[in-house]
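Q: Structure supplied as coords.txt; contents: compact mmCIF, C-alpha atoms.
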# COMPACT_ATOMS: atom_id res chain seq x y z
CA MET H 3 13.01 17.10 -1.76
CA PRO H 4 11.71 13.68 -0.62
CA SER H 5 12.48 10.81 -3.00
CA PHE H 6 9.49 9.77 -5.08
CA THR H 7 9.25 6.50 -7.02
CA HIS H 8 7.19 7.09 -10.16
CA PRO H 9 4.51 4.65 -11.35
CA GLY H 10 6.00 1.88 -13.45
CA SER H 11 9.19 1.66 -11.38
CA VAL H 12 9.95 -0.09 -8.08
CA THR H 13 11.99 0.81 -5.01
CA VAL H 14 15.17 -1.18 -4.28
CA CYS H 15 16.74 0.36 -1.17
CA GLU H 16 17.84 3.55 0.57
CA ILE H 17 21.41 4.79 0.49
CA ASN H 18 22.13 7.94 2.50
CA ARG H 19 18.59 9.38 2.34
CA GLU H 20 18.15 8.57 -1.35
CA LEU H 21 15.68 5.85 -2.34
CA ILE H 22 17.17 3.82 -5.23
CA THR H 23 14.75 2.57 -7.90
CA ALA H 24 14.65 0.08 -10.78
CA GLU H 25 12.47 -0.37 -13.86
CA ASN H 26 11.29 -3.81 -12.76
CA LEU H 27 11.53 -6.35 -9.96
CA SER H 28 14.81 -8.31 -10.18
CA ASP H 29 17.94 -9.11 -8.17
CA ASP H 30 20.31 -7.36 -10.60
CA ARG H 31 19.72 -3.84 -9.35
CA ALA H 32 19.91 -5.06 -5.74
CA LYS H 33 23.27 -6.74 -6.39
CA ASP H 34 24.67 -3.56 -7.93
CA THR H 35 23.51 -1.32 -5.07
CA TYR H 36 23.10 -2.65 -1.55
CA GLY H 37 24.38 -6.16 -2.40
CA LYS H 38 27.92 -4.80 -2.78
CA ILE H 39 27.66 -3.17 0.65
CA LEU H 40 25.88 -5.85 2.67
CA GLY H 41 27.14 -8.97 0.91
CA ILE H 42 23.60 -10.37 0.69
CA VAL H 43 20.58 -9.90 -1.57
CA PHE H 44 17.07 -10.29 -0.17
CA SER H 45 15.21 -11.69 -3.16
CA PRO H 46 11.46 -11.00 -3.36
CA VAL H 47 9.25 -13.90 -2.26
CA PRO H 48 6.16 -14.51 -4.40
CA PHE H 49 3.13 -16.20 -2.87
CA GLN H 50 0.80 -18.28 -4.99
CA SER H 51 -2.87 -19.22 -4.83
CA ASP H 52 -2.20 -22.97 -5.23
CA ASP H 53 -0.71 -23.02 -1.71
CA LEU H 54 -4.14 -22.62 -0.09
CA LEU H 55 -5.05 -25.15 2.59
CA PRO H 56 -6.98 -28.15 1.19
CA PRO H 57 -10.38 -28.67 2.86
CA SER H 58 -10.70 -31.28 5.62
CA THR H 59 -14.48 -31.06 6.22
CA GLU H 60 -17.57 -30.57 4.10
CA GLN H 61 -17.92 -27.01 5.31
CA GLY H 62 -14.23 -26.41 4.76
CA PHE H 63 -14.50 -27.84 1.26
CA GLU H 64 -17.30 -25.46 0.34
CA GLN H 65 -15.34 -22.52 1.78
CA HIS H 66 -12.23 -23.67 -0.08
CA GLU H 67 -14.14 -23.89 -3.37
CA ARG H 68 -15.47 -20.37 -2.86
CA THR H 69 -11.97 -19.13 -2.01
CA VAL H 70 -10.39 -20.76 -5.09
CA GLU H 71 -13.14 -19.36 -7.30
CA SER H 72 -12.56 -15.94 -5.77
CA VAL H 73 -8.81 -16.27 -6.31
CA GLN H 74 -9.32 -17.16 -9.95
CA ARG H 75 -11.74 -14.31 -10.48
CA LYS H 76 -10.13 -11.53 -8.43
CA GLY H 77 -6.53 -12.55 -7.80
CA LEU H 78 -5.01 -13.72 -4.51
CA SER H 79 -4.71 -10.46 -2.63
CA GLU H 80 -8.31 -9.38 -3.26
CA ALA H 81 -9.54 -12.84 -2.34
CA LEU H 82 -7.64 -12.80 0.95
CA GLN H 83 -9.15 -9.45 1.83
CA ALA H 84 -12.64 -10.70 0.91
CA VAL H 85 -12.23 -13.81 3.08
CA CYS H 86 -11.16 -11.66 6.02
CA ARG H 87 -14.10 -9.30 5.55
CA ASP H 88 -16.62 -12.16 5.33
CA THR H 89 -15.21 -13.76 8.47
CA PHE H 90 -15.45 -10.52 10.41
CA LYS H 91 -19.03 -9.93 9.24
CA ARG H 92 -20.09 -13.34 10.51
CA LEU H 93 -18.40 -13.13 13.88
CA PHE H 94 -18.16 -9.52 14.87
CA HIS H 95 -20.79 -7.14 16.20
CA PRO H 96 -22.29 -5.20 13.26
CA ASN H 97 -21.24 -1.85 14.69
CA TYR H 98 -17.58 -3.00 14.63
CA VAL H 99 -17.43 -4.63 11.18
CA LYS H 100 -16.14 -1.49 9.49
CA PHE H 101 -13.45 -1.03 12.16
CA VAL H 102 -11.68 -4.39 11.99
CA SER H 103 -10.17 -3.93 8.54
CA ASP H 104 -8.49 -0.75 9.79
CA ILE H 105 -6.34 -2.53 12.39
CA ASP H 106 -2.61 -2.90 11.71
CA LEU H 107 -2.31 -6.68 12.06
CA ASP H 108 1.26 -8.02 12.25
CA GLY H 109 1.14 -10.22 9.18
CA ILE H 110 4.93 -10.30 8.75
CA SER H 111 7.78 -10.90 11.20
CA TRP H 112 11.58 -11.15 11.14
CA HIS H 113 13.40 -13.60 13.40
CA GLN H 114 15.14 -11.65 16.15
CA HIS H 115 18.65 -12.96 15.49
CA LYS H 116 18.48 -14.69 12.09
CA HIS H 117 17.77 -13.66 8.52
CA ILE H 118 14.51 -15.64 8.55
CA LEU H 119 11.28 -14.02 7.45
CA ALA H 120 7.73 -15.29 8.10
CA PHE H 121 4.59 -13.80 6.59
CA ILE H 122 0.93 -14.62 6.01
CA SER H 123 0.52 -15.73 2.40
CA GLY H 124 -3.04 -17.06 2.42
CA PRO H 125 -6.10 -17.39 4.66
CA ASN H 126 -4.75 -20.56 6.31
CA HIS H 127 -1.02 -20.69 5.76
CA VAL H 128 2.29 -18.97 6.46
CA THR H 129 5.41 -18.68 4.30
CA VAL H 130 8.90 -18.87 5.87
CA ARG H 131 11.96 -17.72 3.91
CA ASP H 132 15.39 -18.48 5.39
CA TYR H 133 17.98 -16.27 3.66
CA GLU H 134 20.79 -18.01 5.56
CA ASP H 135 19.97 -21.46 4.22
CA SER H 136 21.96 -21.92 1.01
CA GLU H 137 20.16 -25.22 0.31
CA GLY H 138 16.71 -23.86 1.10
CA LYS H 139 16.28 -21.05 -1.37
CA ASP H 140 12.65 -22.02 -1.89
CA PRO H 141 10.38 -20.80 0.89
CA CYS H 142 8.63 -23.18 3.29
CA ILE H 143 4.83 -23.20 3.54
CA LEU H 144 3.40 -23.99 6.99
CA ILE H 145 -0.02 -25.69 6.92
CA ASN H 146 -2.04 -27.55 9.55
CA GLU H 147 -5.70 -28.36 10.11
CA SER H 148 -5.60 -26.25 13.32
CA GLN H 149 -4.27 -23.24 11.44
CA ARG H 150 -7.45 -21.51 10.22
CA ASP H 151 -8.05 -17.84 9.44
CA VAL H 152 -4.50 -16.69 10.17
CA LYS H 153 -4.31 -13.09 11.39
CA LEU H 154 -0.80 -12.53 12.85
CA VAL H 155 2.67 -14.09 13.05
CA ALA H 156 5.38 -13.44 15.67
CA TRP H 157 8.77 -15.07 16.32
CA ARG H 158 9.52 -16.09 19.89
CA PRO H 159 12.39 -14.01 21.36
CA ASN H 160 15.31 -16.10 22.60
CA GLY H 161 13.42 -19.24 21.63
CA GLY H 162 15.43 -20.64 18.74
CA ARG H 163 13.42 -21.06 15.56
CA THR H 164 9.96 -20.90 17.12
CA LEU H 165 7.06 -19.08 15.46
CA SER H 166 3.61 -18.24 16.84
CA VAL H 167 0.63 -17.90 14.51
CA ALA H 168 -2.69 -16.33 15.60
CA CYS H 169 -5.64 -18.31 14.25
CA LYS H 170 -9.30 -19.05 14.67
CA GLY H 171 -9.58 -20.94 17.96
CA GLY H 172 -6.07 -20.41 19.27
CA ILE H 173 -2.35 -20.03 18.57
CA CYS H 174 -0.20 -22.41 16.54
CA ILE H 175 3.38 -22.81 17.83
CA TRP H 176 5.83 -23.99 15.15
CA THR H 177 9.45 -25.06 15.64
CA ALA H 178 12.14 -25.98 13.12
CA SER H 179 13.37 -29.58 13.26
CA TYR H 180 16.75 -30.89 12.14
CA PRO H 181 18.16 -34.38 11.53
CA GLY H 182 18.95 -35.87 14.93
CA ASN H 183 17.15 -33.01 16.71
CA ALA H 184 13.42 -33.50 16.26
CA ALA H 185 11.08 -30.97 17.84
CA SER H 186 9.10 -32.12 20.88
CA VAL H 187 5.33 -32.15 20.28
CA ARG H 188 3.00 -31.56 23.21
CA SER H 189 0.64 -34.45 23.93
CA GLY H 190 -2.70 -34.10 22.19
CA VAL H 191 -1.47 -31.81 19.42
CA SER H 192 -2.17 -32.91 15.87
CA SER H 193 1.27 -32.62 14.29
CA GLY H 194 0.35 -33.92 10.86
CA THR H 195 1.80 -30.95 8.98
CA LEU H 196 2.62 -30.07 5.43
CA SER H 197 5.84 -28.08 5.25
CA LYS H 198 6.39 -27.49 1.55
CA GLY H 199 9.83 -26.43 0.37
CA SER H 200 13.43 -27.38 0.96
CA GLY H 201 15.65 -26.61 3.94
CA SER H 202 14.46 -26.91 7.54
CA ARG H 203 11.51 -29.10 8.44
CA TRP H 204 8.88 -27.30 10.52
CA THR H 205 6.71 -29.05 13.11
CA LEU H 206 3.59 -27.85 14.91
CA VAL H 207 4.62 -28.49 18.52
CA ASP H 208 1.69 -26.91 20.37
CA PHE H 209 -1.74 -25.34 19.91
CA LEU H 210 -2.81 -22.90 22.62
CA ARG H 211 -6.60 -22.99 22.56
CA SER H 212 -8.55 -19.79 23.01
CA HIS H 213 -11.72 -19.46 25.08
CA ASP H 214 -14.91 -20.42 23.18
CA ASP H 215 -12.99 -20.90 19.93
CA GLU H 216 -12.31 -17.15 19.71
CA GLN H 217 -10.44 -15.71 16.75
CA ILE H 218 -7.03 -14.56 18.01
CA SER H 219 -6.45 -11.11 16.55
CA ALA H 220 -3.67 -9.70 18.78
CA LEU H 221 -0.32 -11.24 19.79
CA SER H 222 2.73 -9.97 21.67
CA TRP H 223 5.71 -11.82 23.19
CA SER H 224 7.41 -10.70 26.37
CA PRO H 225 10.98 -9.69 25.50
CA ASP H 226 12.46 -12.70 27.33
CA GLY H 227 10.28 -15.06 25.30
CA ARG H 228 8.69 -16.73 28.33
CA TYR H 229 5.20 -15.27 28.04
CA LEU H 230 2.90 -14.68 25.10
CA ALA H 231 -0.03 -12.26 25.32
CA SER H 232 -3.06 -12.87 23.10
CA GLY H 233 -6.39 -11.13 22.62
CA SER H 234 -9.50 -11.19 20.48
CA TYR H 235 -12.04 -8.72 19.19
CA GLU H 236 -14.62 -11.29 20.32
CA GLY H 237 -13.54 -11.78 23.95
CA PRO H 238 -13.80 -9.92 27.28
CA SER H 239 -10.12 -10.17 28.24
CA PHE H 240 -6.61 -10.83 27.06
CA THR H 241 -4.58 -13.87 28.09
CA ILE H 242 -0.99 -14.22 29.28
CA TRP H 243 0.38 -17.63 28.28
CA ASP H 244 3.24 -19.46 29.96
CA VAL H 245 4.23 -21.12 26.70
CA ALA H 246 6.55 -23.76 28.21
CA GLN H 247 3.69 -24.99 30.40
CA GLY H 248 0.98 -24.44 27.80
CA ARG H 249 -1.17 -22.58 30.34
CA GLY H 250 -2.96 -19.26 29.93
CA THR H 251 -4.10 -16.75 32.56
CA PRO H 252 -6.95 -14.41 31.54
CA ILE H 253 -6.55 -10.78 32.56
CA ARG H 254 -10.10 -9.53 33.14
CA ARG H 255 -10.57 -5.86 33.93
CA GLY H 256 -13.74 -5.12 32.02
CA LEU H 257 -11.85 -5.40 28.77
CA GLY H 258 -13.41 -6.49 25.50
CA GLY H 259 -13.01 -5.99 21.78
CA ILE H 260 -9.20 -5.98 21.86
CA SER H 261 -7.58 -4.29 18.86
CA ILE H 262 -3.88 -4.06 19.78
CA LEU H 263 -1.49 -5.65 22.32
CA LYS H 264 2.17 -4.57 22.58
CA TRP H 265 4.75 -5.57 25.20
CA SER H 266 7.50 -2.99 25.73
CA PRO H 267 11.08 -3.97 24.74
CA THR H 268 12.19 -3.95 28.39
CA GLY H 269 9.16 -5.88 29.61
CA ASP H 270 8.26 -3.22 32.20
CA TYR H 271 5.13 -2.03 30.41
CA PHE H 272 2.29 -3.47 28.38
CA PHE H 273 -0.07 -1.65 26.01
CA ALA H 274 -3.64 -2.78 25.28
CA ALA H 275 -6.22 -1.01 23.13
CA LYS H 276 -9.96 -1.57 22.55
CA PHE H 277 -12.33 -0.84 19.70
CA ASP H 278 -14.39 1.50 21.86
CA GLY H 279 -11.59 4.10 21.73
CA THR H 280 -10.03 3.44 25.13
CA PHE H 281 -6.53 2.08 25.68
CA TYR H 282 -4.55 1.00 28.73
CA LEU H 283 -0.99 1.25 29.96
CA TRP H 284 -0.07 -1.61 32.28
CA GLU H 285 3.00 -2.03 34.44
CA THR H 286 3.93 -5.70 34.59
CA ASN H 287 5.28 -5.82 38.14
CA THR H 288 1.82 -5.87 39.77
CA TRP H 289 -0.30 -5.80 36.60
CA THR H 290 -2.03 -2.56 37.42
CA SER H 291 -3.16 -0.19 34.69
CA GLU H 292 -4.25 3.33 33.81
CA PRO H 293 -7.02 3.91 31.24
CA TRP H 294 -6.72 6.48 28.46
CA SER H 295 -9.05 7.73 25.76
CA SER H 296 -8.77 9.81 22.61
CA THR H 297 -10.94 12.10 20.52
CA SER H 298 -9.15 10.93 17.34
CA GLY H 299 -10.85 7.54 17.09
CA PHE H 300 -9.63 4.14 18.28
CA VAL H 301 -6.06 2.84 18.19
CA THR H 302 -5.27 1.03 14.92
CA GLY H 303 -1.50 0.61 15.42
CA ALA H 304 1.23 1.05 18.02
CA THR H 305 5.01 0.65 18.21
CA TRP H 306 7.47 1.08 21.11
CA ASP H 307 10.79 2.90 20.94
CA PRO H 308 13.92 0.77 21.51
CA ASP H 309 14.25 1.84 25.16
CA GLY H 310 10.63 1.16 26.06
CA ARG H 311 10.13 4.69 27.41
CA MET H 312 7.69 5.93 24.77
CA ILE H 313 5.18 4.45 22.36
CA LEU H 314 3.92 5.81 19.04
CA ILE H 315 0.20 5.36 18.40
CA VAL H 316 -1.91 5.49 15.23
CA PHE H 317 -5.54 6.60 15.57
CA SER H 318 -8.37 5.73 13.18
CA GLU H 319 -9.35 9.33 12.47
CA SER H 320 -6.03 11.19 12.50
CA SER H 321 -3.29 12.21 10.07
CA THR H 322 -0.85 12.72 12.96
CA LEU H 323 0.63 10.27 15.44
CA GLY H 324 0.40 10.26 19.21
CA SER H 325 3.44 9.73 21.41
CA ILE H 326 3.12 8.58 25.02
CA HIS H 327 6.17 9.54 27.10
CA PHE H 328 6.73 8.13 30.58
CA ALA H 329 7.62 10.83 33.08
CA SER H 330 9.51 8.57 35.49
CA LYS H 331 11.02 5.09 35.79
CA PRO H 332 9.04 1.82 36.04
CA PRO H 333 6.73 0.84 37.58
CA SER H 334 5.35 4.39 37.48
CA LEU H 335 2.46 4.90 35.07
CA ASP H 336 2.81 8.67 35.03
CA ALA H 337 2.88 9.55 31.33
CA HIS H 338 1.96 12.25 28.80
CA LEU H 339 0.36 11.98 25.37
CA LEU H 340 1.82 14.38 22.80
CA PRO H 341 1.11 14.84 19.07
CA VAL H 342 3.81 13.98 16.52
CA ASP H 343 3.70 16.08 13.36
CA LEU H 344 4.64 14.47 10.06
CA PRO H 345 6.28 17.13 7.89
CA ASP H 346 5.47 17.25 4.16
CA ILE H 347 3.22 14.20 4.01
CA ILE H 348 0.00 16.14 4.56
CA SER H 349 0.82 18.75 1.92
CA LEU H 350 2.09 16.15 -0.57
CA THR H 351 -0.70 13.61 -0.17
CA ASP H 352 -3.65 15.88 0.69
CA SER H 353 -4.25 15.01 4.37
CA PRO H 354 -4.28 11.21 4.49
CA ILE H 355 -5.35 9.03 7.41
CA ILE H 356 -2.43 7.00 8.78
CA GLU H 357 -3.06 3.23 8.48
CA LYS H 358 -0.02 1.17 9.47
CA ILE H 359 3.26 1.95 11.21
CA ALA H 360 6.63 0.29 11.90
CA TRP H 361 9.60 1.71 13.84
CA ASP H 362 13.13 0.42 13.41
CA ALA H 363 14.75 -0.97 16.56
CA SER H 364 17.48 1.68 16.37
CA GLY H 365 14.76 4.34 16.51
CA GLU H 366 16.17 6.05 13.40
CA ARG H 367 13.71 5.01 10.69
CA LEU H 368 9.92 5.10 10.70
CA ALA H 369 7.70 3.56 8.01
CA LEU H 370 4.00 4.29 7.62
CA SER H 371 1.18 3.76 5.15
CA TYR H 372 -1.97 5.79 4.74
CA LYS H 373 -5.31 5.91 2.96
CA GLY H 374 -7.06 8.66 1.06
CA GLY H 375 -5.42 11.72 -0.39
CA ASN H 376 -3.72 12.41 -3.71
CA GLU H 377 -4.09 9.62 -6.31
CA LEU H 378 -0.41 9.89 -7.28
CA TYR H 379 0.70 8.93 -3.75
CA LYS H 380 -1.75 6.10 -3.08
CA GLY H 381 -0.34 2.71 -2.14
CA LEU H 382 3.09 4.03 -1.14
CA ILE H 383 5.00 3.70 2.14
CA ALA H 384 6.47 6.89 3.59
CA ILE H 385 9.95 6.60 5.15
CA TYR H 386 11.02 9.05 7.87
CA ASP H 387 14.33 9.88 9.53
CA VAL H 388 13.53 10.07 13.26
CA ARG H 389 15.28 11.85 16.12
CA ARG H 390 14.50 11.58 19.85
CA THR H 391 15.98 14.56 21.73
CA PRO H 392 14.02 13.84 23.95
CA LEU H 393 10.79 14.51 22.02
CA ILE H 394 10.28 12.91 18.63
CA SER H 395 10.97 14.83 15.44
CA ALA H 396 10.59 13.31 11.98
CA SER H 397 11.97 14.25 8.55
CA LEU H 398 10.45 12.73 5.40
CA ILE H 399 13.02 10.89 3.26
CA GLY H 400 10.74 9.61 0.54
CA PHE H 401 8.27 6.95 -0.59
CA ILE H 402 8.60 3.23 -1.33
CA ARG H 403 6.60 1.78 -4.22
CA GLY H 404 5.94 -1.94 -4.60
CA PRO H 405 5.90 -4.15 -7.72
CA GLY H 406 3.04 -4.74 -10.12
CA VAL H 407 -0.04 -2.76 -11.05
CA ASP H 408 -1.56 -0.62 -8.30
CA PRO H 409 0.39 -2.21 -5.41
CA LYS H 410 -0.81 -1.65 -1.83
CA PRO H 411 1.04 -2.56 1.37
CA LEU H 412 -0.90 -5.24 3.29
CA ALA H 413 1.61 -5.46 6.17
CA PHE H 414 5.23 -4.48 6.87
CA SER H 415 7.84 -4.89 9.58
CA PHE H 416 11.48 -4.12 10.40
CA HIS H 417 14.20 -6.64 11.26
CA ASN H 418 14.99 -5.75 14.89
CA LYS H 419 18.58 -6.96 15.01
CA PHE H 420 20.05 -6.41 11.55
CA LYS H 421 23.47 -4.96 12.35
CA GLN H 422 24.02 -3.05 9.11
CA GLY H 423 21.00 -0.77 9.37
CA PRO H 424 17.20 -0.90 9.19
CA LEU H 425 15.73 -3.67 7.07
CA LEU H 426 12.08 -3.25 6.07
CA SER H 427 9.96 -6.04 4.59
CA VAL H 428 6.55 -5.47 2.97
CA ILE H 429 3.74 -7.79 1.86
CA TRP H 430 2.32 -6.22 -1.29
CA SER H 431 -1.20 -6.79 -2.61
CA THR H 432 0.29 -7.78 -5.98
CA GLY H 433 1.58 -11.09 -4.56
CA PHE H 434 5.16 -10.32 -3.49
CA CYS H 435 6.96 -9.96 -0.18
CA CYS H 436 9.85 -7.51 -0.75
CA THR H 437 12.70 -6.43 1.53
CA TYR H 438 14.29 -2.97 1.48
CA PRO H 439 17.63 -2.25 3.25
CA LEU H 440 17.75 1.34 4.49
CA ILE H 441 21.49 2.12 4.55
CA PHE H 442 22.76 5.39 5.91
CA ARG H 443 25.49 4.78 8.48
CA SER H 444 28.90 6.21 7.51
CA HIS H 445 30.76 3.04 8.58
CA VAL H 446 28.67 0.98 6.15
CA VAL H 447 28.48 3.25 3.10
CA PRO H 448 31.86 4.35 1.66
Go through the file and emit its structure as structure tokens.
A:
Amino acid sequence: MPSFTHPGSVTVCEINRELITAENLSDDRAKDTYGKILGIVFSPVPFQSDDLLPPSTEQGFEQHERTVESVQRKGLSEALQAVCRDTFKRLFHPNYVKFVSDIDLDGISWHQHKHILAFISGPNHVTVRDYEDSEGKDPCILINESQRDVKLVAWRPNGGRTLSVACKGGICIWTASYPGNAASVRSGVSSGTLSKGSGSRWTLVDFLRSHDDEQISALSWSPDGRYLASGSYEGPSFTIWDVAQGRGTPIRRGLGGISILKWSPTGDYFFAAKFDGTFYLWETNTWTSEPWSSTSGFVTGATWDPDGRMILIVFSESSTLGSIHFASKPPSLDAHLLPVDLPDIISLTDSPIIEKIAWDASGERLALSYKGGNELYKGLIAIYDVRRTPLISASLIGFIRGPGVDPKPLAFSFHNKFKQGPLLSVIWSTGFCCTYPLIFRSHVVP
């Protein structure tokens, strides 16, 4: 039977297909379970409403006052969701307003090679928690006047401690500074930052401006870290940025209303999806593409397998996943779309609609959230054991429950390079970012 965490308890970790629970959120249970195996405890990171960006203009002040009032009245998580909804209603075509909140925005990201976690913790700021910094146990809060309406965060591969943040009007590029090794700020960038917390000092080194002050709502780094792809639900194209040069090249092929962008792990392919239900597979050698469409709604989430030879897709009106398999080697775009059944979840939760998805870099663990269905299973994250032989098969392990009353997962992501097994981090609506080691390898567990 799949593991089920009952209301009133919280999930701690997985050990050999069993999800370990505790009565409340604390480090004690973590130390006694996975802490003895891994030698590290990933303490939960709370995010607070008093870290909101202070206003810098009259309009910003009024918006800030409304936000603070909303926070006091509703709580932080509800206020953040309300701010996002209001922004979309003002800027987005009325027919698309109801679609935007369904998109799986990457609001949390692990550094590729370090135990450093970044996540969106307010409408205008980002929290960074470095678990390797013994002196910096308190998280850092990244704030800047250019960083408005944050939608996504993504660490730069092979780029040291460099973080990209998708905002209204462009992309903030942050870099950690150290004594004697100050980060280089591009000319014209306002680097007056507030980096609250101990440990590393973070500096805004660049701001990549979007066309017509568009809201950036999709980000994806090339695996070598040289290029950054960005897109917007407001614009007619996506842009490929040469980050070192600070220059962007628009890719215009009749695109518009971008919902998802995902570079493959090998860099050979690129995935782009639109709100009108179409999506594209690009090969990056000549930047040619093939259009696809679905009868299951538009693409709300996508994740590549570790080898970059297949991609799992979430559709807005489906309780199953789609899997695109490439039939031959790059740069061929010959591919097939196949359904991926999710055993047990439909019968247990009464046919939910899949919302968000994350796939571990080993390809062995899959996490997904859903909406609708049985009240008992609402707000949980389903964890699957995945096999690729060569088609995907999935076996339900159990469900992760967050802390607090009626927790809901706002965003979640795996650490791509954690050597001791999958490491899943979740932003919960109750004001905590929690990390769950999924331990199952025989050489790790005695």
Q: Could you tell me which of H:Cys435, H:Gln114, H:Ile383, H:Pro405 comes closest to H:Leu27 if we count all atoms listed in the file?
A: H:Pro405
Q: Atom CA of H:Ala275 to atom CA of H:Cys174: how many Å, to one decimal?
A: 23.2 Å
Q: Could you pull the residues within 6 Å of H:Ser415, counting only C-alpha atoms, minus those fewer than 4 positions along the same chain, as a list in words?
A: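 What passes the distance filter is Ala360, Leu426 and Ser427 of chain H.
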Q: When you draw a straight line from atom CA of H:Trp294 to atom CA of H:Leu323, how long is it in Å?
A: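 Spanning atom CA of H:Trp294 to atom CA of H:Leu323 is a straight-line distance of 15.4 Å.
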Q: Any idea what the distance is between atom CA of H:Thr164 and atom CA of H:Pro308?
A: 22.5 Å
Q: I want to know what sits within 9 Å of H:Glu366, based on only C-alpha atoms, with residues of the same chain fewer than 3 positions away left out; could you give that as a ChimeraX atom specification?
A: /H:361-363,386-390,424
Q: Deliver the residues from the most recent selection as a file, using C-alpha atoms, as a compact mmCIF listing (two decimals), in the frame of the given file.
A:
# COMPACT_ATOMS: atom_id res chain seq x y z
CA TRP H 361 9.60 1.71 13.84
CA ASP H 362 13.13 0.42 13.41
CA ALA H 363 14.75 -0.97 16.56
CA TYR H 386 11.02 9.05 7.87
CA ASP H 387 14.33 9.88 9.53
CA VAL H 388 13.53 10.07 13.26
CA ARG H 389 15.28 11.85 16.12
CA ARG H 390 14.50 11.58 19.85
CA PRO H 424 17.20 -0.90 9.19
Q: Counting all atoms listed in the file, which residues of stretch 119-231 of chain H sit at most 9 Å from some atom of stretch 249-254 of chain H, and what is each one's closest atom pair with its distance in Å to one decimal, listed by chain and rising residue number, as CSV?
A:
residue,atom,partner,partner_atom,distance
H:Leu210,CA,H:Arg249,CA,7.9
H:Ser212,CA,H:Gly250,CA,8.9
H:Leu230,CA,H:Gly250,CA,8.9
H:Ala231,CA,H:Gly250,CA,8.9
Q: Edge lengths and centre in Å to one decimal, as lines of an AutoDock Vina configuration file, of the axis-aligned box that encloses all listed atoms of stretch 316-325 of chain H with 6 Å added on every side?
A:
center_x = -3.0
center_y = 9.1
center_z = 15.7
size_x = 24.8
size_y = 19.2
size_z = 23.3
Q: Residues near H:Thr13, anyone? I mean within 9 Å using all atoms listed in the file, not counting same-chain ones fewer than 5 positions away, as a ChimeraX atom specification.
A: /H:7,21-25,27,401-405,438
Q: Please provide as a list in words all residues within 7 Å of stretch 214-229 of chain H, with the sequence filter that same-chain residues fewer than 3 positions apart are discarded (counting all atoms listed in the file).
A: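 Those residues are Lys153, Leu154, Arg158, Pro159, Asn160, Gly161, Ala168, Cys169, Lys170, Gly171, Gly172, Ser232, Gly233, Ser234, Tyr235, Glu236, Gly237, Ile242, Trp243, Asp244, Val245, Ser261, Ile262, Leu263, Lys264, Trp265, Pro267, Thr268 and Gly269 of chain H.
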Q: What lies within 10 Å of H:Ile348 using all atoms listed in the file, ignoring chain neighbours under 6 positions off, as a ChimeraX atom specification?
A: /H:321-322,354-355,375-376
Q: With all atoms listed in the file as the atoms that count, which of H:Ser186, H:Ser5, H:Thr205, H:Thr286 lies nearest to H:Asn146?
A: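 Ranked by minimum distance to H:Asn146, first place goes to H:Thr205.
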